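Q: Have a peek at query.cif (mmCIF, C-alpha atoms).
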data_entry
loop_
_atom_site.label_atom_id
_atom_site.label_comp_id
_atom_site.auth_asym_id
_atom_site.auth_seq_id
_atom_site.Cartn_x
_atom_site.Cartn_y
_atom_site.Cartn_z
CA MET A 1155 162.85 90.90 126.74
CA ARG A 1156 160.99 87.92 125.44
CA THR A 1157 157.74 89.43 126.71
CA TYR A 1158 158.39 92.67 124.88
CA ALA A 1159 159.09 90.78 121.70
CA LEU A 1160 155.79 88.88 121.96
CA LEU A 1161 153.88 92.06 122.69
CA SER A 1162 155.43 93.79 119.72
CA LEU A 1163 154.56 90.85 117.50
CA ALA A 1164 150.97 90.90 118.76
CA LEU A 1165 150.70 94.61 118.07
CA VAL A 1166 151.93 94.06 114.54
CA LEU A 1167 149.71 91.06 113.84
CA ALA A 1168 146.51 92.41 115.39
CA PRO A 1169 145.76 94.91 112.60
CA LEU A 1170 146.55 92.26 110.02
CA HIS A 1171 144.11 89.84 111.62
CA SER A 1172 141.49 92.55 111.79
CA ALA A 1173 142.00 93.38 108.13
CA ALA A 1174 141.73 89.70 107.21
CA ALA A 1175 138.48 89.39 109.14
CA GLN A 1176 137.10 92.44 107.36
CA ARG A 1177 138.10 90.97 104.01
CA ALA A 1178 136.38 87.72 104.93
CA ASP A 1179 133.19 89.54 105.92
CA SER A 1180 133.34 91.55 102.73
CA ALA A 1181 133.86 88.45 100.58
CA GLY A 1182 131.01 86.64 102.31
CA ALA A 1183 128.67 89.58 101.88
CA ARG A 1184 129.63 89.94 98.24
CA ALA A 1185 129.09 86.24 97.62
CA ASP A 1186 125.66 86.41 99.27
CA SER A 1187 124.75 89.43 97.21
CA LEU A 1188 125.87 87.76 93.97
CA ARG A 1189 123.95 84.57 94.80
CA GLN A 1190 120.84 86.60 95.43
CA HIS A 1191 121.34 88.41 92.13
CA ILE A 1192 121.71 85.15 90.24
CA GLU A 1193 118.66 83.59 91.89
CA GLU A 1194 116.54 86.65 91.17
CA ARG A 1195 117.67 86.92 87.58
CA PHE A 1196 117.21 83.23 86.97
CA ALA A 1197 113.74 83.28 88.50
CA SER A 1198 112.84 86.31 86.41
CA ARG A 1199 114.04 84.57 83.24
CA VAL A 1200 112.10 81.44 84.05
CA GLN A 1201 108.93 83.37 84.76
CA GLN A 1202 109.28 85.39 81.57
CA GLN A 1203 110.39 82.69 79.16
CA LEU A 1204 107.97 80.08 80.35
CA GLY A 1205 105.13 82.61 80.36
CA LEU A 1206 103.99 81.50 83.78
CA THR A 1207 100.59 82.47 85.07
CA ASN A 1208 100.26 83.77 88.61
CA ASP A 1209 98.94 80.41 89.68
CA GLN A 1210 101.84 78.54 88.09
CA THR A 1211 104.32 81.01 89.57
CA ALA A 1212 102.93 80.55 93.06
CA LYS A 1213 103.07 76.77 92.73
CA LEU A 1214 106.58 76.74 91.27
CA ARG A 1215 107.68 78.99 94.10
CA VAL A 1216 106.41 76.51 96.68
CA THR A 1217 108.03 73.60 94.85
CA SER A 1218 111.31 75.44 94.55
CA GLN A 1219 111.36 76.27 98.23
CA ARG A 1220 110.68 72.71 99.28
CA PHE A 1221 113.16 71.05 96.92
CA GLY A 1222 115.68 73.87 97.33
CA THR A 1223 115.84 73.10 101.02
CA ARG A 1224 116.16 69.40 100.24
CA ARG A 1225 118.95 69.97 97.75
CA ARG A 1226 120.74 72.34 100.09
CA ASP A 1227 120.78 69.63 102.76
CA LEU A 1228 122.21 67.19 100.22
CA TYR A 1229 124.92 69.65 99.18
CA THR A 1230 125.86 70.33 102.77
CA ARG A 1231 126.15 66.63 103.40
CA TYR A 1232 128.17 66.22 100.20
CA ARG A 1233 130.68 68.88 101.24
CA GLN A 1234 131.11 67.24 104.62
CA LEU A 1235 131.74 63.86 103.01
CA ARG A 1236 134.10 65.35 100.48
CA GLU A 1237 136.14 67.05 103.16
CA ALA A 1238 136.25 63.88 105.24
CA LEU A 1239 137.35 61.89 102.21
CA GLY A 1240 139.96 64.52 101.43
CA VAL A 1241 141.40 64.13 104.89
CA GLN A 1242 141.59 60.35 104.46
CA LEU A 1243 143.21 60.57 101.04
CA ARG A 1244 145.91 63.09 101.90
CA PRO A 1245 149.18 62.15 100.27
CA GLY A 1246 151.65 60.63 102.62
CA VAL A 1247 149.07 59.70 105.22
CA ALA A 1248 147.78 56.17 105.59
CA ALA A 1249 144.07 56.08 104.88
CA ASN A 1250 141.61 54.21 107.06
CA GLN A 1251 140.29 51.68 104.59
CA ASP A 1252 137.04 51.19 106.46
CA SER A 1253 136.33 54.93 106.69
CA VAL A 1254 137.17 55.51 103.04
CA GLY A 1255 134.83 52.71 102.00
CA LYS A 1256 131.98 54.09 104.06
CA LEU A 1257 132.54 57.65 102.87
CA THR A 1258 132.58 56.53 99.25
CA ASP A 1259 129.37 54.56 99.71
CA ALA A 1260 127.78 57.57 101.38
CA MET A 1261 128.75 59.82 98.47
CA ILE A 1262 127.27 57.39 95.96
CA GLU A 1263 124.09 57.22 98.01
CA LEU A 1264 124.03 60.98 98.04
CA ARG A 1265 124.20 61.14 94.26
CA VAL A 1266 121.30 58.74 94.03
CA ALA A 1267 119.39 60.88 96.52
CA SER A 1268 120.15 63.96 94.42
CA ALA A 1269 118.87 62.29 91.27
CA GLN A 1270 115.80 61.16 93.16
CA ALA A 1271 115.19 64.71 94.37
CA THR A 1272 115.40 66.00 90.80
CA ARG A 1273 112.97 63.34 89.63
CA ASP A 1274 110.52 64.12 92.44
CA GLU A 1275 110.75 67.81 91.72
CA MET A 1276 110.12 67.35 88.01
CA ARG A 1277 107.17 65.09 88.75
CA GLU A 1278 105.65 67.73 90.98
CA VAL A 1279 106.31 70.46 88.42
CA ALA A 1280 104.55 68.35 85.79
CA LYS A 1281 101.31 68.76 87.74
CA TYR A 1282 100.97 72.44 86.87
CA LEU A 1283 103.39 73.15 84.00
CA THR A 1284 102.81 72.06 80.44
CA PRO A 1285 105.31 69.54 79.05
CA VAL A 1286 106.99 72.28 77.02
CA GLN A 1287 107.22 74.60 80.02
CA ARG A 1288 108.67 71.81 82.11
CA ALA A 1289 111.22 70.94 79.42
CA ARG A 1290 112.28 74.57 79.16
CA PHE A 1291 112.56 74.90 82.91
CA PHE A 1292 114.70 71.77 83.08
CA ALA A 1293 116.88 72.97 80.20
CA MET A 1294 117.33 76.41 81.76
CA ARG A 1295 118.47 74.90 85.01
CA GLU A 1296 120.82 72.52 83.24
CA ARG A 1297 122.24 75.44 81.31
CA LEU A 1298 122.83 77.30 84.55
CA HIS A 1299 124.59 74.25 85.97
CA HIS A 1300 126.71 74.20 82.83
CA HIS A 1301 127.70 77.83 83.38
CA MET A 1302 128.61 77.04 86.97
CA LYS A 1303 130.74 74.16 85.79
CA GLU A 1304 132.46 76.42 83.28
CA ALA A 1305 133.19 78.97 86.00
CA ARG A 1306 134.74 76.29 88.17
CA GLU A 1307 136.71 74.83 85.26
CA HIS A 1308 138.09 78.24 84.44
CA ARG A 1309 139.30 78.47 88.00
CA GLY A 1310 140.69 74.94 87.96
CA MET A 1311 142.57 75.20 84.69
CA GLY A 1312 146.23 74.66 85.22
CA ASP A 1313 147.32 77.34 82.79
CA ASP A 1314 146.31 80.05 85.19
CA ARG A 1315 148.23 79.42 88.31
CA GLY A 1316 147.51 82.93 89.49
CA GLY A 1317 143.78 82.37 89.04
CA ARG A 1318 143.90 79.20 91.09
CA GLU A 1319 145.77 80.97 93.86
CA ARG A 1320 143.22 83.76 93.82
CA TRP A 1321 140.45 81.19 94.10
CA LYS A 1322 142.12 79.61 97.08
CA ALA A 1323 142.37 82.99 98.74
CA GLU A 1324 138.70 83.75 98.03
CA LYS A 1325 137.65 80.34 99.23
CA HIS A 1326 139.64 80.76 102.38
CA GLU A 1327 138.06 84.14 103.03
CA MET A 1328 134.56 82.77 102.47
CA ASP A 1329 135.20 79.85 104.78
CA ASP A 1330 136.38 82.30 107.39
CA ALA A 1331 133.26 84.37 106.90
CA HIS A 1332 131.02 81.33 107.38
CA GLU A 1333 132.83 80.21 110.53
CA MET B 697 -8.82 111.21 100.85
CA SER B 698 -9.22 110.39 104.55
CA GLU B 699 -8.69 112.94 107.26
CA CYS B 700 -5.44 111.20 108.31
CA GLU B 701 -4.08 111.44 104.73
CA TRP B 702 -5.06 115.05 104.55
CA LEU B 703 -3.36 115.83 107.78
CA SER B 704 -0.22 113.94 106.69
CA ASP B 705 0.03 116.12 103.56
CA ARG B 706 -0.32 119.28 105.63
CA MET B 707 2.24 118.41 108.26
CA PRO B 708 5.42 119.65 106.35
CA ALA B 709 3.85 123.08 105.76
CA VAL B 710 2.79 123.45 109.38
CA ALA B 711 6.17 122.16 110.60
CA LEU B 712 8.04 124.75 108.45
CA GLY B 713 5.72 127.48 109.83
CA SER B 714 4.19 128.37 106.52
CA SER B 715 0.71 127.31 107.67
CA ASP B 716 -1.29 126.58 110.84
CA TRP B 717 -3.64 123.84 111.82
CA THR B 718 -7.29 124.60 111.31
CA GLY B 719 -9.81 123.84 114.08
CA GLU B 720 -10.96 120.62 112.48
CA GLU B 721 -7.39 119.53 111.82
CA ALA B 722 -6.37 120.27 115.42
CA ALA B 723 -9.39 118.32 116.70
CA HIS B 724 -8.50 115.31 114.56
CA LEU B 725 -4.85 115.47 115.63
CA ASP B 726 -5.89 115.47 119.28
CA GLY B 727 -7.97 112.33 118.85
CA CYS B 728 -5.83 110.31 116.34
CA LEU B 729 -2.78 108.55 117.81
CA SER B 730 -1.42 107.61 114.38
CA CYS B 731 -1.47 111.23 113.23
CA GLN B 732 0.09 112.36 116.53
CA ALA B 733 3.01 109.95 116.08
CA GLU B 734 3.59 111.09 112.51
CA TRP B 735 3.37 114.76 113.51
CA ASN B 736 5.95 114.24 116.29
CA LEU B 737 8.33 112.63 113.78
CA ILE B 738 7.89 115.42 111.23
CA ARG B 739 8.32 118.07 113.87
CA LEU B 740 11.55 116.51 115.21
CA SER B 741 12.92 116.06 111.71
CA SER B 742 12.29 119.67 110.85
CA ARG B 743 14.33 120.74 113.87
CA LEU B 744 17.43 118.69 112.94
CA GLY B 745 20.50 120.92 112.42
CA GLU B 746 18.91 123.77 114.33
CA GLY B 747 21.61 125.74 116.21
CA VAL B 748 24.51 124.28 114.22
CA GLY B 749 25.06 127.41 112.23
CA ALA B 750 24.55 129.52 115.34
CA GLU B 751 27.48 127.84 117.08
CA LEU B 752 29.90 128.59 114.21
CA ASP B 753 32.02 131.73 114.33
CA PRO B 754 32.26 132.88 110.73
CA GLY B 755 35.32 135.00 111.42
CA ALA B 756 37.21 132.19 113.13
CA MET B 757 36.11 129.80 110.44
CA THR B 758 37.41 132.14 107.76
CA ARG B 759 40.75 132.55 109.50
CA ALA B 760 41.09 128.81 109.98
CA VAL B 761 40.30 128.16 106.33
CA LEU B 762 42.74 130.82 105.18
CA ASP B 763 45.43 129.56 107.54
CA ARG B 764 44.93 126.03 106.27
CA LEU B 765 45.12 127.21 102.70
CA GLY B 766 48.29 129.12 103.48
CA GLN B 767 49.77 126.07 105.17
CA SER B 768 48.91 123.93 102.19
CA ARG B 769 50.56 126.41 99.88
CA GLU B 770 53.72 126.39 102.06
CA GLU B 771 53.78 122.61 102.09
CA ALA B 772 53.34 122.53 98.36
CA ARG B 773 56.17 125.03 97.96
CA LEU B 774 58.49 123.01 100.20
CA ARG B 775 57.59 119.84 98.34
CA ARG B 776 58.37 121.54 95.06
CA ASN B 777 61.69 122.79 96.44
CA ALA B 778 62.55 119.33 97.78
CA TRP B 779 61.80 117.70 94.48
CA GLY B 780 63.77 120.38 92.72
CA PHE B 781 66.75 119.83 94.99
CA ALA B 782 66.51 116.08 94.60
CA ALA B 783 66.37 116.42 90.86
CA LEU B 784 69.35 118.78 90.95
CA ALA B 785 71.33 116.40 93.16
CA GLY B 786 70.44 113.46 90.94
CA THR B 787 71.55 115.33 87.88
CA ALA B 788 74.80 116.30 89.58
CA ALA B 789 75.43 112.70 90.67
CA ALA B 790 74.70 111.41 87.19
CA ALA B 791 77.05 114.01 85.77
CA MET B 792 79.80 112.96 88.18
CA VAL B 793 79.34 109.28 87.33
CA TRP B 794 79.43 110.07 83.65
CA ALA B 795 82.51 112.23 84.08
CA ALA B 796 84.22 109.52 86.13
CA GLN B 797 83.43 106.93 83.50
CA THR B 798 84.74 109.21 80.85
CA VAL B 799 88.05 109.51 82.71
CA VAL B 800 88.30 105.85 83.74
CA THR B 801 87.24 104.27 80.47
CA PRO B 802 90.51 104.77 78.58
CA VAL B 803 92.56 103.29 81.42
CA ALA B 804 93.24 99.58 81.02
CA PRO B 805 91.56 97.37 83.61
CA ALA B 806 93.77 96.79 86.63
CA LYS B 807 95.66 93.55 86.36
CA ALA B 808 96.20 91.23 89.26
CA PRO B 809 99.57 91.90 90.89
CA LEU B 810 102.25 89.72 89.41
CA VAL B 811 103.44 87.05 91.79
CA ALA B 812 107.22 87.16 92.08
CA LEU B 813 108.95 83.86 91.51
CA GLN B 814 111.71 82.78 93.84
CA ILE B 815 113.94 79.87 92.97
CA GLN B 816 116.49 78.59 95.43
CA LEU B 817 119.79 77.54 93.90
CA PRO B 818 121.83 75.83 96.62
CA GLU B 819 124.29 74.80 93.91
CA LEU B 820 125.68 78.33 94.16
CA ASP B 821 126.70 77.93 97.78
CA ASN B 822 130.07 76.48 96.91
CA LEU B 823 131.08 79.16 94.41
CA VAL B 824 133.41 82.00 95.29
CA PRO B 825 132.59 85.61 94.31
CA SER B 826 134.68 85.57 91.14
CA GLU B 827 132.90 82.40 89.97
CA LEU B 828 129.52 83.80 90.90
CA ASP B 829 130.37 86.92 88.99
CA ALA B 830 131.28 84.83 85.94
CA VAL B 831 127.98 82.96 86.17
CA LEU B 832 126.12 86.23 86.45
CA GLN B 833 127.81 87.51 83.31
CA THR B 834 126.88 84.42 81.33
CA MET B 835 123.24 84.81 82.35
CA ASP B 836 122.98 87.81 80.07
CA GLU B 837 123.48 85.52 77.13
CA PRO B 838 120.33 84.28 75.43
CA TYR B 839 118.88 81.32 77.22
CA VAL B 840 116.35 78.99 75.74
CA GLY B 841 114.85 79.74 72.35
CA GLY B 842 111.22 80.46 71.77
CA SER B 843 110.26 76.99 70.64
CA VAL B 844 110.96 73.34 71.10
CA ASN B 845 113.43 73.67 68.25
CA ASP B 846 115.89 74.97 70.76
CA PRO B 847 118.69 72.42 70.98
CA ALA B 848 118.71 72.64 74.76
CA VAL B 849 115.12 71.44 74.77
CA ALA B 850 114.96 69.20 71.77
CA SER B 851 118.24 67.35 72.04
CA PRO B 852 120.23 67.98 75.16
CA ASP B 853 123.77 66.89 74.60
CA ASP B 854 125.82 64.74 76.90
CA GLU B 855 127.21 67.75 78.64
CA ASP B 856 123.73 68.95 79.52
CA LEU B 857 122.74 65.54 80.78
CA GLU B 858 125.83 65.25 82.90
CA SER B 859 125.71 68.74 84.26
CA GLY B 860 123.47 67.64 87.09
CA PHE B 861 126.33 65.57 88.37
CA ASP B 862 128.85 68.24 87.58
CA THR B 863 127.37 70.47 90.23
CA TRP B 864 128.59 68.06 92.82
CA GLU B 865 132.15 68.80 91.95
CA GLY B 866 133.45 71.53 94.22
#
Would you mind writing the structure in this file as structure tokens?

A:
Amino acid sequence: MRTYALLSLALVLAPLHSAAAQRADSAGARADSLRQHIEERFASRVQQQLGLTNDQTAKLRVTSQRFGTRRRDLYTRYRQLREALGVQLRPGVAANQDSVGKLTDAMIELRVASAQATRDEMREVAKYLTPVQRARFFAMRERLHHHMKEAREHRGMGDDRGGRERWKAEKHEMDDAHE
Amino acid sequence: MSECEWLSDRMPAVALGSSDWTGEEAAHLDGCLSCQAEWNLIRLSSRLGEGVGAELDPGAMTRAVLDRLGQSREEARLRRNAWGFAALAGTAAAAMVWAAQTVVTPVAPAKAPLVALQIQLPELDNLVPSELDAVLQTMDEPYVGGSVNDPAVASPDDEDLESGFDTWEG
């Protein structure tokens, strides 16, 4: 009897799991597509508004690839540290003081490394962009960061509990898609 | 005039057969070695070219000359045709070049293919689709102005300066 009950439960849950996996794949694919759209549109805007020559474009492309990879590594590391710190700082659970101290130091080091990467990138860009082009490029990227921050703040605002729940669901689906 | 000089003057006429030696002249010629040597020279000279005309066949010569003339005319005709064809071809080529230039001239010179810019934005990795969608929507808004008067360039506010750190917040 118990076996039948488990089998029945498995039969009921299997389609649900399959549907969840499909949703996760779909969310991951959509996120990838949107990221690609944003990157393409941003690159197009930069190229157009800065009036880049072919030579400048080729050089900026190389710079972007190199520092993009560097920044991506930093972000990956940051997320790992943040998750580890989150685990340590869970309410009701005693934190390991030593671990928390090391994780915090590592995050501060990471911020310094990020600032250093930005400085190195802007120094390299200065070799082939004019000061005005470089300033515009920097401002455009800062503006994009600002928009990203706004998007996250909109999600994190407490007045939209439904929105926050939706974000959690999306985040969960994307994490599933990446795993 | 000596007898030798007299005989020397008479030699061409005797050699051409228009006169004969007289008895006295023949006697002198027999006894004078100098006159004999001169006479032999004159006689041999007068015979030069003898038989040349006899060996020629006038008919064959005529045919050969006519054939050669005909051949020359044919060669001249072919040369004229060749030059005519070359001139025609040259004219046609020139016309084609001119026509091509006429067609191509209005077209703007081909520009070098535009290099596509790619910018990696790893900051987007942590955003969910709805957030990415919101960012995409805001990108349609005007970005930076056309000059350094743009506030984002000229005087970035605190929010702009801090936004680099903001991206760390997940």

Q: What does the distance from atom CA of A:Val1279 to atom CA of A:Ala1267 come to in Å, to one decimal?

A: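 Atom CA of A:Ala1267 lies at a distance of 18.1 Å from atom CA of A:Val1279.
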
Q: Between atom CA of A:Met1261 and atom CA of B:Gln814, what is the spacing in Å?

A: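 Computed distance, atom CA of B:Gln814 to atom CA of A:Met1261, equals 29.0 Å.
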
Q: What is the distance, in Å and to one decimal place, between atom CA of A:Ser1198 and atom CA of A:Ala1181?

A: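 Separating atom CA of A:Ser1198 from atom CA of A:Ala1181 is a distance of 25.4 Å.
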
Q: Return as a list of chain:residue names the set of residues that the PyMOL selection byres ((chain A and resi 1252-1260) around 7) yields on the displayed structure.

A: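 Matching residues under the PyMOL selection byres ((chain A and resi 1252-1260) around 7) are A:Leu1235, A:Leu1239, A:Gln1242, A:Asn1250, A:Gln1251, A:Met1261, A:Ile1262, A:Glu1263, A:Leu1264.
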
Q: For B:Val811, please output as an NGL selection string all residues within 8 Å (counting all atoms listed in the file; exclusion window: fewer than 5 positions along the same chain).

A: :A and (1208 or 1211-1212)

Q: Specify as a PDB file with C-alpha atoms, in the coordinates of the input each residue included when the PyMOL selection byres ((chain B and resi 737-739) around 12) is applied to this file.

A:
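Wrote expr.pdb, looks like this:
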ATOM      1  CA  LEU B 703      -3.360 115.830 107.780  1.00  0.00           C
ATOM      2  CA  SER B 704      -0.220 113.940 106.690  1.00  0.00           C
ATOM      3  CA  ASP B 705       0.030 116.120 103.560  1.00  0.00           C
ATOM      4  CA  ARG B 706      -0.320 119.280 105.630  1.00  0.00           C
ATOM      5  CA  MET B 707       2.240 118.410 108.260  1.00  0.00           C
ATOM      6  CA  PRO B 708       5.420 119.650 106.350  1.00  0.00           C
ATOM      7  CA  ALA B 709       3.850 123.080 105.760  1.00  0.00           C
ATOM      8  CA  VAL B 710       2.790 123.450 109.380  1.00  0.00           C
ATOM      9  CA  ALA B 711       6.170 122.160 110.600  1.00  0.00           C
ATOM     10  CA  LEU B 712       8.040 124.750 108.450  1.00  0.00           C
ATOM     11  CA  GLY B 713       5.720 127.480 109.830  1.00  0.00           C
ATOM     12  CA  SER B 730      -1.420 107.610 114.380  1.00  0.00           C
ATOM     13  CA  CYS B 731      -1.470 111.230 113.230  1.00  0.00           C
ATOM     14  CA  GLN B 732       0.090 112.360 116.530  1.00  0.00           C
ATOM     15  CA  ALA B 733       3.010 109.950 116.080  1.00  0.00           C
ATOM     16  CA  GLU B 734       3.590 111.090 112.510  1.00  0.00           C
ATOM     17  CA  TRP B 735       3.370 114.760 113.510  1.00  0.00           C
ATOM     18  CA  ASN B 736       5.950 114.240 116.290  1.00  0.00           C
ATOM     19  CA  LEU B 740      11.550 116.510 115.210  1.00  0.00           C
ATOM     20  CA  SER B 741      12.920 116.060 111.710  1.00  0.00           C
ATOM     21  CA  SER B 742      12.290 119.670 110.850  1.00  0.00           C
ATOM     22  CA  ARG B 743      14.330 120.740 113.870  1.00  0.00           C
ATOM     23  CA  LEU B 744      17.430 118.690 112.940  1.00  0.00           C
TER      24      LEU B 744
END

Q: Which residue out of B:Met792, B:Phe781, B:Pro818, B:Asp836 has the minimum interatomic distance to chain A when all atoms listed in the file are used?

A: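 Residue with the minimum atom-to-atom distance to chain A: B:Pro818.
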
Q: Determine the nearest neighbour of chain A from the options B:Leu820, B:Leu729, B:Met757, B:Leu762, counting only C-alpha atoms.

A: B:Leu820

Q: When the PyMOL selection byres ((chain A and resi 1281-1283) around 10) is applied to the file above, which residues end up in the set, as an NGL selection string?

A: :A and (1204 or 1206-1207 or 1209-1211 or 1213-1214 or 1276-1280 or 1284-1289 or 1291)

Q: Can you put N, CA and C atoms back into stretch 1214-1242 of chain A and show it as a PDB file, keeping the file's coordinate frame?

A:
ATOM      1  N   LEU A1214     105.152  77.014  91.504  1.00  0.00           N
ATOM      2  CA  LEU A1214     106.580  76.740  91.270  1.00  0.00           C
ATOM      3  C   LEU A1214     107.428  77.280  92.417  1.00  0.00           C
ATOM      4  N   ARG A1215     106.975  78.385  92.964  1.00  0.00           N
ATOM      5  CA  ARG A1215     107.680  78.990  94.100  1.00  0.00           C
ATOM      6  C   ARG A1215     107.687  78.032  95.301  1.00  0.00           C
ATOM      7  N   VAL A1216     106.524  77.461  95.557  1.00  0.00           N
ATOM      8  CA  VAL A1216     106.410  76.510  96.680  1.00  0.00           C
ATOM      9  C   VAL A1216     107.295  75.288  96.424  1.00  0.00           C
ATOM     10  N   THR A1217     107.211  74.773  95.200  1.00  0.00           N
ATOM     11  CA  THR A1217     108.030  73.600  94.850  1.00  0.00           C
ATOM     12  C   THR A1217     109.513  73.905  95.004  1.00  0.00           C
ATOM     13  N   SER A1218     109.903  75.065  94.502  1.00  0.00           N
ATOM     14  CA  SER A1218     111.310  75.440  94.550  1.00  0.00           C
ATOM     15  C   SER A1218     111.808  75.564  95.993  1.00  0.00           C
ATOM     16  N   GLN A1219     110.953  76.122  96.825  1.00  0.00           N
ATOM     17  CA  GLN A1219     111.360  76.270  98.230  1.00  0.00           C
ATOM     18  C   GLN A1219     111.566  74.900  98.884  1.00  0.00           C
ATOM     19  N   ARG A1220     110.606  74.021  98.632  1.00  0.00           N
ATOM     20  CA  ARG A1220     110.680  72.710  99.280  1.00  0.00           C
ATOM     21  C   ARG A1220     111.906  71.918  98.786  1.00  0.00           C
ATOM     22  N   PHE A1221     112.048  71.847  97.458  1.00  0.00           N
ATOM     23  CA  PHE A1221     113.160  71.050  96.920  1.00  0.00           C
ATOM     24  C   PHE A1221     114.493  71.775  97.047  1.00  0.00           C
ATOM     25  N   GLY A1222     114.450  73.109  97.097  1.00  0.00           N
ATOM     26  CA  GLY A1222     115.680  73.870  97.330  1.00  0.00           C
ATOM     27  C   GLY A1222     116.257  73.527  98.687  1.00  0.00           C
ATOM     28  N   THR A1223     115.391  73.468  99.671  1.00  0.00           N
ATOM     29  CA  THR A1223     115.840  73.100 101.020  1.00  0.00           C
ATOM     30  C   THR A1223     116.400  71.678 101.026  1.00  0.00           C
ATOM     31  N   ARG A1224     115.716  70.799 100.303  1.00  0.00           N
ATOM     32  CA  ARG A1224     116.160  69.400 100.240  1.00  0.00           C
ATOM     33  C   ARG A1224     117.530  69.290  99.565  1.00  0.00           C
ATOM     34  N   ARG A1225     117.667  70.029  98.457  1.00  0.00           N
ATOM     35  CA  ARG A1225     118.950  69.970  97.750  1.00  0.00           C
ATOM     36  C   ARG A1225     120.068  70.613  98.561  1.00  0.00           C
ATOM     37  N   ARG A1226     119.726  71.679  99.274  1.00  0.00           N
ATOM     38  CA  ARG A1226     120.740  72.340 100.090  1.00  0.00           C
ATOM     39  C   ARG A1226     121.260  71.375 101.173  1.00  0.00           C
ATOM     40  N   ASP A1227     120.351  70.626 101.756  1.00  0.00           N
ATOM     41  CA  ASP A1227     120.780  69.630 102.760  1.00  0.00           C
ATOM     42  C   ASP A1227     121.716  68.598 102.130  1.00  0.00           C
ATOM     43  N   LEU A1228     121.371  68.182 100.909  1.00  0.00           N
ATOM     44  CA  LEU A1228     122.210  67.190 100.220  1.00  0.00           C
ATOM     45  C   LEU A1228     123.598  67.759  99.929  1.00  0.00           C
ATOM     46  N   TYR A1229     123.629  69.032  99.487  1.00  0.00           N
ATOM     47  CA  TYR A1229     124.920  69.650  99.180  1.00  0.00           C
ATOM     48  C   TYR A1229     125.774  69.805 100.430  1.00  0.00           C
ATOM     49  N   THR A1230     125.104  70.185 101.506  1.00  0.00           N
ATOM     50  CA  THR A1230     125.860  70.330 102.770  1.00  0.00           C
ATOM     51  C   THR A1230     126.475  68.999 103.165  1.00  0.00           C
ATOM     52  N   ARG A1231     125.670  67.973 103.058  1.00  0.00           N
ATOM     53  CA  ARG A1231     126.150  66.630 103.400  1.00  0.00           C
ATOM     54  C   ARG A1231     127.294  66.219 102.468  1.00  0.00           C
ATOM     55  N   TYR A1232     127.140  66.572 101.187  1.00  0.00           N
ATOM     56  CA  TYR A1232     128.170  66.220 100.200  1.00  0.00           C
ATOM     57  C   TYR A1232     129.508  66.877 100.545  1.00  0.00           C
ATOM     58  N   ARG A1233     129.433  68.164 100.901  1.00  0.00           N
ATOM     59  CA  ARG A1233     130.680  68.880 101.240  1.00  0.00           C
ATOM     60  C   ARG A1233     131.355  68.261 102.458  1.00  0.00           C
ATOM     61  N   GLN A1234     130.534  67.862 103.423  1.00  0.00           N
ATOM     62  CA  GLN A1234     131.110  67.240 104.620  1.00  0.00           C
ATOM     63  C   GLN A1234     131.817  65.921 104.253  1.00  0.00           C
ATOM     64  N   LEU A1235     131.140  65.140 103.417  1.00  0.00           N
ATOM     65  CA  LEU A1235     131.740  63.860 103.010  1.00  0.00           C
ATOM     66  C   LEU A1235     133.008  64.084 102.209  1.00  0.00           C
ATOM     67  N   ARG A1236     132.946  65.064 101.340  1.00  0.00           N
ATOM     68  CA  ARG A1236     134.100  65.350 100.480  1.00  0.00           C
ATOM     69  C   ARG A1236     135.302  65.774 101.312  1.00  0.00           C
ATOM     70  N   GLU A1237     135.045  66.622 102.290  1.00  0.00           N
ATOM     71  CA  GLU A1237     136.140  67.050 103.160  1.00  0.00           C
ATOM     72  C   GLU A1237     136.702  65.873 103.954  1.00  0.00           C
ATOM     73  N   ALA A1238     135.801  65.037 104.466  1.00  0.00           N
ATOM     74  CA  ALA A1238     136.250  63.880 105.240  1.00  0.00           C
ATOM     75  C   ALA A1238     137.066  62.932 104.373  1.00  0.00           C
ATOM     76  N   LEU A1239     136.623  62.754 103.134  1.00  0.00           N
ATOM     77  CA  LEU A1239     137.350  61.890 102.210  1.00  0.00           C
ATOM     78  C   LEU A1239     138.701  62.501 101.857  1.00  0.00           C
ATOM     79  N   GLY A1240     138.713  63.820 101.721  1.00  0.00           N
ATOM     80  CA  GLY A1240     139.960  64.520 101.430  1.00  0.00           C
ATOM     81  C   GLY A1240     140.988  64.313 102.536  1.00  0.00           C
ATOM     82  N   VAL A1241     140.496  64.339 103.751  1.00  0.00           N
ATOM     83  CA  VAL A1241     141.400  64.130 104.890  1.00  0.00           C
ATOM     84  C   VAL A1241     141.984  62.719 104.840  1.00  0.00           C
ATOM     85  N   GLN A1242     141.143  61.742 104.509  1.00  0.00           N
ATOM     86  CA  GLN A1242     141.590  60.350 104.460  1.00  0.00           C
ATOM     87  C   GLN A1242     142.582  60.108 103.322  1.00  0.00           C
TER      88      GLN A1242
END
